[in-house]
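J.: input28.csv (CSV, N, CA and C atoms) pasted underneath:
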```
chain,number,residue,atom,x,y,z
A,3,GLN,N,56.0,36.9,17.3
A,3,GLN,CA,57.0,37.3,16.3
A,3,GLN,C,58.3,37.4,17.0
A,4,VAL,N,59.4,37.3,16.2
A,4,VAL,CA,60.7,37.4,16.8
A,4,VAL,C,61.1,38.9,16.9
A,5,GLN,N,62.0,39.1,17.8
A,5,GLN,CA,62.7,40.4,17.9
A,5,GLN,C,64.1,40.2,17.4
A,6,LEU,N,64.6,41.2,16.6
A,6,LEU,CA,65.9,41.1,15.9
A,6,LEU,C,66.8,42.2,16.3
A,7,ALA,N,68.1,41.9,16.4
A,7,ALA,CA,69.1,42.9,16.7
A,7,ALA,C,70.3,42.7,16.0
A,8,GLU,N,70.7,43.6,15.0
A,8,GLU,CA,71.9,43.4,14.2
A,8,GLU,C,73.1,44.0,14.9
A,9,SER,N,74.3,43.5,14.5
A,9,SER,CA,75.6,44.0,15.0
A,9,SER,C,76.6,43.7,13.9
A,10,GLY,N,77.8,44.3,14.0
A,10,GLY,CA,78.9,44.0,13.2
A,10,GLY,C,79.2,44.9,12.1
A,11,GLY,N,78.4,46.0,11.9
A,11,GLY,CA,78.7,47.0,10.9
A,11,GLY,C,79.9,47.8,11.2
A,12,GLY,N,80.3,48.6,10.3
A,12,GLY,CA,81.5,49.4,10.5
A,12,GLY,C,82.0,50.1,9.2
A,13,SER,N,83.2,50.6,9.3
A,13,SER,CA,83.8,51.3,8.1
A,13,SER,C,85.0,50.5,7.6
A,14,VAL,N,85.0,50.2,6.4
A,14,VAL,CA,86.1,49.4,5.8
A,14,VAL,C,86.5,50.0,4.5
A,15,GLN,N,87.7,49.7,4.0
A,15,GLN,CA,88.1,50.1,2.7
A,15,GLN,C,87.6,49.1,1.6
A,16,ALA,N,87.5,49.6,0.4
A,16,ALA,CA,87.1,48.7,-0.7
A,16,ALA,C,88.0,47.5,-0.7
A,17,GLY,N,87.4,46.3,-0.9
A,17,GLY,CA,88.2,45.1,-1.0
A,17,GLY,C,88.2,44.4,0.4
A,18,GLY,N,87.8,45.1,1.4
A,18,GLY,CA,87.8,44.5,2.8
A,18,GLY,C,86.6,43.6,3.0
A,19,SER,N,86.5,43.1,4.3
A,19,SER,CA,85.4,42.2,4.7
A,19,SER,C,84.8,42.6,6.0
A,20,LEU,N,83.6,42.3,6.1
A,20,LEU,CA,82.8,42.4,7.4
A,20,LEU,C,81.9,41.3,7.6
A,21,ARG,N,81.6,41.0,8.8
A,21,ARG,CA,80.6,39.9,9.2
A,21,ARG,C,79.5,40.6,10.0
A,22,LEU,N,78.3,40.5,9.5
A,22,LEU,CA,77.2,41.0,10.2
A,22,LEU,C,76.5,39.9,11.0
A,23,SER,N,75.9,40.2,12.1
A,23,SER,CA,75.2,39.2,12.9
A,23,SER,C,73.8,39.7,13.2
A,24,CYS,N,72.9,38.9,13.4
A,24,CYS,CA,71.5,39.3,13.8
A,24,CYS,C,71.0,38.3,14.8
A,25,ALA,N,70.8,38.7,16.0
A,25,ALA,CA,70.4,37.9,17.1
A,25,ALA,C,68.9,37.9,17.2
A,26,ALA,N,68.2,36.8,17.3
A,26,ALA,CA,66.8,36.7,17.3
A,26,ALA,C,66.3,36.2,18.7
A,27,SER,N,65.2,36.7,19.1
A,27,SER,CA,64.6,36.3,20.4
A,27,SER,C,63.1,36.4,20.4
A,28,GLY,N,62.4,35.7,21.2
A,28,GLY,CA,61.0,35.8,21.4
A,28,GLY,C,60.1,34.8,20.8
A,29,ASP,N,60.6,34.0,19.9
A,29,ASP,CA,59.8,32.9,19.3
A,29,ASP,C,60.7,31.9,18.8
A,30,THR,N,60.2,30.8,18.2
A,30,THR,CA,61.0,29.7,17.7
A,30,THR,C,61.7,30.1,16.4
A,31,TYR,N,62.9,30.5,16.5
A,31,TYR,CA,63.7,31.0,15.4
A,31,TYR,C,63.7,30.1,14.2
A,32,SER,N,63.8,28.8,14.4
A,32,SER,CA,63.9,27.9,13.3
A,32,SER,C,62.7,27.8,12.4
A,33,ARG,N,61.6,28.4,12.8
A,33,ARG,CA,60.4,28.5,12.0
A,33,ARG,C,60.3,29.6,11.1
A,34,TYR,N,61.4,30.5,11.1
A,34,TYR,CA,61.4,31.7,10.4
A,34,TYR,C,62.3,31.7,9.1
A,35,CYS,N,61.7,32.2,8.0
A,35,CYS,CA,62.6,32.6,6.9
A,35,CYS,C,63.3,33.8,7.3
A,36,MET,N,64.6,33.9,6.9
A,36,MET,CA,65.4,35.1,7.3
A,36,MET,C,66.0,35.8,6.1
A,37,GLY,N,66.2,37.1,6.2
A,37,GLY,CA,66.8,37.8,5.1
A,37,GLY,C,67.6,39.0,5.5
A,38,TRP,N,68.5,39.4,4.7
A,38,TRP,CA,69.2,40.6,4.9
A,38,TRP,C,68.8,41.6,3.8
A,39,PHE,N,68.5,42.8,4.2
A,39,PHE,CA,68.1,43.9,3.3
A,39,PHE,C,69.1,45.1,3.5
A,40,ARG,N,69.1,46.0,2.6
A,40,ARG,CA,70.0,47.2,2.8
A,40,ARG,C,69.3,48.4,2.2
A,41,GLN,N,69.6,49.5,2.7
A,41,GLN,CA,69.0,50.8,2.2
A,41,GLN,C,70.1,51.8,2.2
A,42,ALA,N,70.4,52.3,1.1
A,42,ALA,CA,71.4,53.4,0.9
A,42,ALA,C,70.6,54.8,0.9
A,43,PRO,N,71.2,55.9,1.3
A,43,PRO,CA,70.5,57.1,1.4
A,43,PRO,C,69.9,57.5,0.0
A,44,GLY,N,68.6,57.8,0.1
A,44,GLY,CA,67.8,58.2,-1.1
A,44,GLY,C,67.4,57.1,-1.9
A,45,LYS,N,67.6,55.9,-1.5
A,45,LYS,CA,67.2,54.7,-2.2
A,45,LYS,C,66.2,53.8,-1.5
A,46,GLU,N,65.5,53.0,-2.2
A,46,GLU,CA,64.6,52.0,-1.5
A,46,GLU,C,65.4,50.9,-0.9
A,47,ARG,N,64.7,50.3,0.1
A,47,ARG,CA,65.3,49.1,0.8
A,47,ARG,C,65.2,48.0,-0.2
A,48,GLU,N,66.4,47.3,-0.3
A,48,GLU,CA,66.4,46.2,-1.3
A,48,GLU,C,66.9,44.9,-0.6
A,49,GLY,N,66.5,43.8,-1.2
A,49,GLY,CA,66.9,42.5,-0.7
A,49,GLY,C,68.3,42.2,-1.1
A,50,VAL,N,69.1,41.6,-0.2
A,50,VAL,CA,70.4,41.2,-0.4
A,50,VAL,C,70.6,39.7,-0.5
A,51,ALA,N,70.0,39.0,0.5
A,51,ALA,CA,70.1,37.6,0.6
A,51,ALA,C,69.0,37.0,1.5
A,52,ILE,N,68.6,35.8,1.1
A,52,ILE,CA,67.5,35.2,1.9
A,52,ILE,C,68.0,33.8,2.2
A,53,ILE,N,67.5,33.2,3.3
A,53,ILE,CA,67.9,31.9,3.7
A,53,ILE,C,66.7,31.1,4.2
A,54,SER,N,66.7,29.8,3.9
A,54,SER,CA,65.6,29.0,4.4
A,54,SER,C,65.7,28.7,5.9
A,55,THR,N,64.6,28.1,6.4
A,55,THR,CA,64.6,27.8,7.8
A,55,THR,C,65.7,26.9,8.3
A,56,THR,N,66.1,25.9,7.5
A,56,THR,CA,67.2,25.0,7.9
A,56,THR,C,68.5,25.5,7.5
A,57,GLY,N,68.6,26.5,6.6
A,57,GLY,CA,69.8,27.0,6.1
A,57,GLY,C,70.3,26.3,4.8
A,58,ALA,N,69.5,25.3,4.3
A,58,ALA,CA,69.9,24.5,3.2
A,58,ALA,C,69.8,25.2,1.9
A,59,MET,N,68.9,26.2,1.8
A,59,MET,CA,68.7,27.0,0.6
A,59,MET,C,68.9,28.5,0.8
A,60,SER,N,69.4,29.1,-0.2
A,60,SER,CA,69.7,30.6,-0.1
A,60,SER,C,69.5,31.2,-1.4
A,61,TYR,N,69.3,32.5,-1.4
A,61,TYR,CA,69.1,33.3,-2.6
A,61,TYR,C,70.0,34.6,-2.4
A,62,TYR,N,70.6,35.0,-3.5
A,62,TYR,CA,71.4,36.3,-3.5
A,62,TYR,C,71.0,37.2,-4.6
A,63,ASP,N,71.0,38.5,-4.3
A,63,ASP,CA,70.8,39.4,-5.4
A,63,ASP,C,72.1,39.4,-6.2
A,64,ASP,N,71.9,39.7,-7.5
A,64,ASP,CA,73.0,39.6,-8.4
A,64,ASP,C,74.2,40.5,-8.0
A,65,SER,N,73.9,41.6,-7.4
A,65,SER,CA,74.9,42.6,-7.0
A,65,SER,C,75.9,42.1,-6.0
A,66,VAL,N,75.5,41.0,-5.2
A,66,VAL,CA,76.3,40.5,-4.2
A,66,VAL,C,76.8,39.1,-4.4
A,67,LYS,N,76.2,38.4,-5.4
A,67,LYS,CA,76.5,37.0,-5.6
A,67,LYS,C,78.0,36.8,-5.8
A,68,GLY,N,78.5,35.8,-5.1
A,68,GLY,CA,79.9,35.5,-5.1
A,68,GLY,C,80.8,36.3,-4.2
A,69,ARG,N,80.2,37.3,-3.5
A,69,ARG,CA,80.9,38.1,-2.5
A,69,ARG,C,80.4,38.0,-1.1
A,70,PHE,N,79.1,37.8,-1.0
A,70,PHE,CA,78.4,37.7,0.3
A,70,PHE,C,77.9,36.3,0.5
A,71,THR,N,77.9,35.9,1.8
A,71,THR,CA,77.4,34.6,2.2
A,71,THR,C,76.4,34.7,3.3
A,72,ILE,N,75.2,34.2,3.2
A,72,ILE,CA,74.3,34.2,4.3
A,72,ILE,C,74.3,32.9,5.0
A,73,SER,N,74.2,32.9,6.3
A,73,SER,CA,74.1,31.6,7.0
A,73,SER,C,73.3,31.8,8.3
A,74,ARG,N,73.0,30.7,8.9
A,74,ARG,CA,72.2,30.8,10.2
A,74,ARG,C,72.7,29.7,11.1
A,75,ASP,N,72.6,30.0,12.4
A,75,ASP,CA,72.9,29.0,13.4
A,75,ASP,C,71.6,28.9,14.3
A,76,ASN,N,70.8,27.9,14.0
A,76,ASN,CA,69.5,27.8,14.7
A,76,ASN,C,69.7,27.5,16.2
A,77,ALA,N,70.8,26.8,16.6
A,77,ALA,CA,71.1,26.6,18.0
A,77,ALA,C,71.4,27.9,18.8
A,78,LYS,N,71.9,28.9,18.0
A,78,LYS,CA,72.3,30.1,18.7
A,78,LYS,C,71.3,31.2,18.3
A,79,ASN,N,70.2,30.9,17.6
A,79,ASN,CA,69.2,31.9,17.2
A,79,ASN,C,69.9,33.1,16.5
A,80,THR,N,70.8,32.8,15.6
A,80,THR,CA,71.6,33.9,15.0
A,80,THR,C,71.7,33.8,13.5
A,81,LEU,N,71.6,34.9,12.8
A,81,LEU,CA,71.7,35.0,11.4
A,81,LEU,C,73.0,35.7,11.1
A,82,TYR,N,73.7,35.3,10.0
A,82,TYR,CA,75.0,36.0,9.7
A,82,TYR,C,75.0,36.4,8.2
A,83,LEU,N,75.8,37.4,7.9
A,83,LEU,CA,76.1,37.8,6.6
A,83,LEU,C,77.6,38.1,6.5
A,84,GLN,N,78.3,37.2,5.8
A,84,GLN,CA,79.7,37.4,5.6
A,84,GLN,C,79.9,38.1,4.3
A,85,MET,N,80.5,39.3,4.4
A,85,MET,CA,80.7,40.2,3.2
A,85,MET,C,82.2,40.3,2.9
A,86,SER,N,82.5,40.0,1.7
A,86,SER,CA,83.9,40.2,1.3
A,86,SER,C,84.0,40.9,0.0
A,87,SER,N,85.2,41.3,-0.4
A,87,SER,CA,85.4,42.1,-1.6
A,87,SER,C,84.4,43.3,-1.7
A,88,LEU,N,84.3,44.0,-0.6
A,88,LEU,CA,83.3,45.0,-0.5
A,88,LEU,C,83.7,46.2,-1.4
A,89,LYS,N,82.6,46.8,-1.9
A,89,LYS,CA,82.7,47.9,-2.8
A,89,LYS,C,82.0,49.2,-2.2
A,90,PRO,N,82.4,50.3,-2.7
A,90,PRO,CA,81.7,51.5,-2.2
A,90,PRO,C,80.2,51.5,-2.4
A,91,GLU,N,79.8,50.9,-3.4
A,91,GLU,CA,78.3,50.8,-3.6
A,91,GLU,C,77.6,49.9,-2.7
A,92,ASP,N,78.3,49.1,-1.8
A,92,ASP,CA,77.7,48.3,-0.8
A,92,ASP,C,77.4,49.2,0.4
A,93,THR,N,77.8,50.4,0.5
A,93,THR,CA,77.5,51.3,1.6
A,93,THR,C,76.1,51.5,1.8
A,94,ALA,N,75.6,51.2,3.0
A,94,ALA,CA,74.1,51.2,3.3
A,94,ALA,C,73.9,50.9,4.7
A,95,MET,N,72.7,51.1,5.2
A,95,MET,CA,72.2,50.5,6.4
A,95,MET,C,71.7,49.1,6.1
A,96,TYR,N,72.2,48.1,6.9
A,96,TYR,CA,71.8,46.7,6.6
A,96,TYR,C,70.8,46.3,7.7
A,97,TYR,N,69.8,45.7,7.3
A,97,TYR,CA,68.7,45.2,8.2
A,97,TYR,C,68.5,43.7,8.1
A,98,CYS,N,68.3,43.0,9.2
A,98,CYS,CA,67.8,41.6,9.1
A,98,CYS,C,66.3,41.6,9.2
A,99,ALA,N,65.7,40.7,8.6
A,99,ALA,CA,64.2,40.6,8.6
A,99,ALA,C,63.8,39.1,8.8
A,100,ALA,N,62.6,39.0,9.3
A,100,ALA,CA,62.1,37.6,9.5
A,100,ALA,C,60.6,37.5,9.1
A,101,ARG,N,60.3,36.3,8.7
A,101,ARG,CA,58.9,36.0,8.3
A,101,ARG,C,58.7,34.6,8.6
A,102,ARG,N,57.7,34.3,9.4
A,102,ARG,CA,57.4,32.9,9.8
A,102,ARG,C,57.0,32.1,8.6
A,103,ARG,N,57.6,31.0,8.4
A,103,ARG,CA,57.3,30.2,7.3
A,103,ARG,C,55.9,29.5,7.5
A,104,VAL,N,55.0,29.6,6.5
A,104,VAL,CA,53.7,29.0,6.6
A,104,VAL,C,53.5,28.0,5.5
A,105,GLY,N,53.1,26.8,5.8
A,105,GLY,CA,52.8,25.8,4.8
A,105,GLY,C,54.0,25.4,4.0
A,106,ILE,N,53.9,25.4,2.7
A,106,ILE,CA,55.0,24.9,1.8
A,106,ILE,C,55.7,26.1,1.2
A,107,THR,N,55.4,27.3,1.7
A,107,THR,CA,56.1,28.5,1.1
A,107,THR,C,57.6,28.3,1.1
A,108,SER,N,58.2,28.6,0.0
A,108,SER,CA,59.6,28.6,-0.2
A,108,SER,C,60.2,29.9,0.3
A,109,CYS,N,61.1,29.8,1.3
A,109,CYS,CA,61.7,31.1,1.9
A,109,CYS,C,62.4,31.9,0.8
A,110,THR,N,63.1,31.2,-0.1
A,110,THR,CA,63.9,32.0,-1.1
A,110,THR,C,63.0,32.7,-2.1
A,111,SER,N,61.7,32.4,-2.1
A,111,SER,CA,60.8,33.2,-3.0
A,111,SER,C,60.4,34.5,-2.4
A,112,LEU,N,60.7,34.7,-1.1
A,112,LEU,CA,60.2,35.9,-0.4
A,112,LEU,C,61.3,37.0,-0.5
A,113,ARG,N,61.3,37.6,-1.7
A,113,ARG,CA,62.4,38.6,-2.0
A,113,ARG,C,62.0,40.0,-1.8
A,114,ASP,N,60.7,40.3,-1.5
A,114,ASP,CA,60.2,41.7,-1.4
A,114,ASP,C,60.2,42.0,0.1
A,115,ARG,N,60.6,43.2,0.4
A,115,ARG,CA,60.5,43.6,1.9
A,115,ARG,C,59.2,43.6,2.5
A,116,ALA,N,58.1,43.7,1.6
A,116,ALA,CA,56.8,43.6,2.1
A,116,ALA,C,56.4,42.3,2.6
A,117,GLU,N,57.2,41.3,2.3
A,117,GLU,CA,56.9,39.9,2.8
A,117,GLU,C,57.3,39.7,4.2
A,118,TYR,N,58.1,40.6,4.8
A,118,TYR,CA,58.6,40.4,6.1
A,118,TYR,C,58.0,41.3,7.1
A,119,ASN,N,57.7,40.8,8.3
A,119,ASN,CA,57.0,41.6,9.3
A,119,ASN,C,57.8,41.8,10.6
A,120,SER,N,59.0,41.3,10.7
A,120,SER,CA,59.9,41.6,11.8
A,120,SER,C,61.2,42.1,11.3
A,121,TRP,N,61.6,43.2,11.9
A,121,TRP,CA,62.8,43.9,11.4
A,121,TRP,C,63.7,44.3,12.6
A,122,GLY,N,65.0,44.3,12.3
A,122,GLY,CA,65.9,44.9,13.3
A,122,GLY,C,66.1,46.4,13.1
A,123,GLN,N,66.9,47.0,14.0
A,123,GLN,CA,67.1,48.4,13.9
A,123,GLN,C,68.1,48.8,12.9
A,124,GLY,N,68.9,47.9,12.3
A,124,GLY,CA,69.9,48.2,11.3
A,124,GLY,C,71.3,48.4,11.8
A,125,THR,N,72.2,48.1,11.0
A,125,THR,CA,73.6,48.4,11.3
A,125,THR,C,74.3,49.0,10.1
A,126,GLN,N,75.1,50.0,10.3
A,126,GLN,CA,75.6,50.8,9.1
A,126,GLN,C,76.9,50.1,8.6
A,127,VAL,N,77.0,50.0,7.3
A,127,VAL,CA,78.2,49.6,6.6
A,127,VAL,C,78.6,50.7,5.7
A,128,THR,N,79.9,51.1,5.9
A,128,THR,CA,80.4,52.1,5.0
A,128,THR,C,81.7,51.6,4.4
A,129,VAL,N,81.8,51.7,3.1
A,129,VAL,CA,82.9,51.2,2.3
A,129,VAL,C,83.6,52.4,1.6
A,130,SER,N,84.8,52.7,1.9
A,130,SER,CA,85.5,53.8,1.2
A,130,SER,C,86.4,53.3,0.1
A,131,SER,N,86.6,54.1,-0.9
A,131,SER,CA,87.4,53.8,-2.0
A,131,SER,C,88.8,54.1,-1.8
```
Just give me the structure as structure tokens.

T.:
Amino acid sequence: QVQLAESGGGSVQAGGSLRLSCAASGDTYSRYCMGWFRQAPGKEREGVAIISTTGAMSYYDDSVKGRFTISRDNAKNTLYLQMSSLKPEDTAMYYCAARRRVGITSCTSLRDRAEYNSWGQGTQVTVSS
């Protein structure tokens, strides 16, 4: 399994931008479906964006579509989440997650947190109004 470490969180005002990174180590990163999830206080962890092993395909939750962009650099073993037009409701702990792709499974179909077995420690994003 891969080990994951997020960075890039912080505090911004509404309308601002942040870029999260997730560094992977320990296994062949390019074999893994990758995703960003977030968890606000008192709420369940929810999927934000998913990306395929090559980066060619992605999925976004409706709440972030058009504002967030997920990408990956397989040469650097790193996952990114570019967040723009941030809203107070985006405030949460953000986690990256990994799941090794098996067979013909489509990465973008893996939208439930239960599908992932490697997680980072999280990075806090706080958006003030």

J.: Do you know which residues lie at most 6.5 Å from (74.1, 42.0, 0.1), with coordinates as in the file and only N, CA and C atoms counted, and could you write them as a ChimeraX atom specification?

T.: /A:38,49-51,63,65-66,70

J.: Using only N, CA and C atoms, which protein or nucleic acid residues come within 6.5 Å of region 23-31 of chain A? Drop anything in the same chain fewer than 2 positions from it, and give the result as a list in words.

T.: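 Counting only the stated atoms, we get Gln3, Val4, Gln5, Leu6, Ala7, Glu8, Ser9, Gly10, Gly11, Arg21, Arg33, Tyr34, Asn76, Lys78, Asn79, Thr80, Leu81, Tyr82, Leu83 and Cys98 of chain A.
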
J.: How many Å separate atom C of Ala58 (chain A) from CA of Ser87 (chain A)?

T.: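 These two atoms are separated by 23.3 Å.
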
J.: Pick from A:Ala16, A:Met85, A:Arg115, A:Arg102: nearest to Arg47 (chain A), with only N, CA and C atoms counted?

T.: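 Among the listed residues, A:Arg115 lies closest to Arg47 (chain A).
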
J.: Could you please write out, as a PDB file with N, CA and C atoms, keeping the file's coordinate frame, every residue of chain A that DSSP assigns to helix (DSSP H, G or I)?

T.:
```
ATOM      1  N   TYR A  31      62.900  30.500  16.500  1.00  0.00           N
ATOM      2  CA  TYR A  31      63.700  31.000  15.400  1.00  0.00           C
ATOM      3  C   TYR A  31      63.700  30.100  14.200  1.00  0.00           C
ATOM      4  N   SER A  32      63.800  28.800  14.400  1.00  0.00           N
ATOM      5  CA  SER A  32      63.900  27.900  13.300  1.00  0.00           C
ATOM      6  C   SER A  32      62.700  27.800  12.400  1.00  0.00           C
ATOM      7  N   ARG A  33      61.600  28.400  12.800  1.00  0.00           N
ATOM      8  CA  ARG A  33      60.400  28.500  12.000  1.00  0.00           C
ATOM      9  C   ARG A  33      60.300  29.600  11.100  1.00  0.00           C
ATOM     10  N   PRO A  90      82.400  50.300  -2.700  1.00  0.00           N
ATOM     11  CA  PRO A  90      81.700  51.500  -2.200  1.00  0.00           C
ATOM     12  C   PRO A  90      80.200  51.500  -2.400  1.00  0.00           C
ATOM     13  N   GLU A  91      79.800  50.900  -3.400  1.00  0.00           N
ATOM     14  CA  GLU A  91      78.300  50.800  -3.600  1.00  0.00           C
ATOM     15  C   GLU A  91      77.600  49.900  -2.700  1.00  0.00           C
ATOM     16  N   ASP A  92      78.300  49.100  -1.800  1.00  0.00           N
ATOM     17  CA  ASP A  92      77.700  48.300  -0.800  1.00  0.00           C
ATOM     18  C   ASP A  92      77.400  49.200   0.400  1.00  0.00           C
ATOM     19  N   CYS A 109      61.100  29.800   1.300  1.00  0.00           N
ATOM     20  CA  CYS A 109      61.700  31.100   1.900  1.00  0.00           C
ATOM     21  C   CYS A 109      62.400  31.900   0.800  1.00  0.00           C
ATOM     22  N   THR A 110      63.100  31.200  -0.100  1.00  0.00           N
ATOM     23  CA  THR A 110      63.900  32.000  -1.100  1.00  0.00           C
ATOM     24  C   THR A 110      63.000  32.700  -2.100  1.00  0.00           C
ATOM     25  N   SER A 111      61.700  32.400  -2.100  1.00  0.00           N
ATOM     26  CA  SER A 111      60.800  33.200  -3.000  1.00  0.00           C
ATOM     27  C   SER A 111      60.400  34.500  -2.400  1.00  0.00           C
ATOM     28  N   ARG A 115      60.600  43.200   0.400  1.00  0.00           N
ATOM     29  CA  ARG A 115      60.500  43.600   1.900  1.00  0.00           C
ATOM     30  C   ARG A 115      59.200  43.600   2.500  1.00  0.00           C
ATOM     31  N   ALA A 116      58.100  43.700   1.600  1.00  0.00           N
ATOM     32  CA  ALA A 116      56.800  43.600   2.100  1.00  0.00           C
ATOM     33  C   ALA A 116      56.400  42.300   2.600  1.00  0.00           C
ATOM     34  N   GLU A 117      57.200  41.300   2.300  1.00  0.00           N
ATOM     35  CA  GLU A 117      56.900  39.900   2.800  1.00  0.00           C
ATOM     36  C   GLU A 117      57.300  39.700   4.200  1.00  0.00           C
TER      37      GLU A 117
END
```

J.: Find the residues near Met59 (chain A): any atom within 12 Å, counting only C-alpha atoms, skip ones fewer than 3 places away on the same chain, and give them as a list in words.

T.: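 Once the nearby chain positions are removed, what remains is Cys35, Met36, Gly37, Ala51, Ile52, Ile53, Ser54, Thr55, Thr56, Tyr62, Thr71, Ile72, Ser73, Arg74, Ser108, Cys109, Thr110 and Ser111 of chain A.
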
J.: Counting only C-alpha atoms, I want the residues whose atoms come within 12 Å of (76.5, 53.8, -6.4) in the file frame, returned as a list of chain:residue names.

T.: A:Gln41, A:Ala42, A:Pro43, A:Gly44, A:Lys45, A:Ser65, A:Lys89, A:Pro90, A:Glu91, A:Asp92, A:Thr93, A:Ala94, A:Val129, A:Ser130, A:Ser131
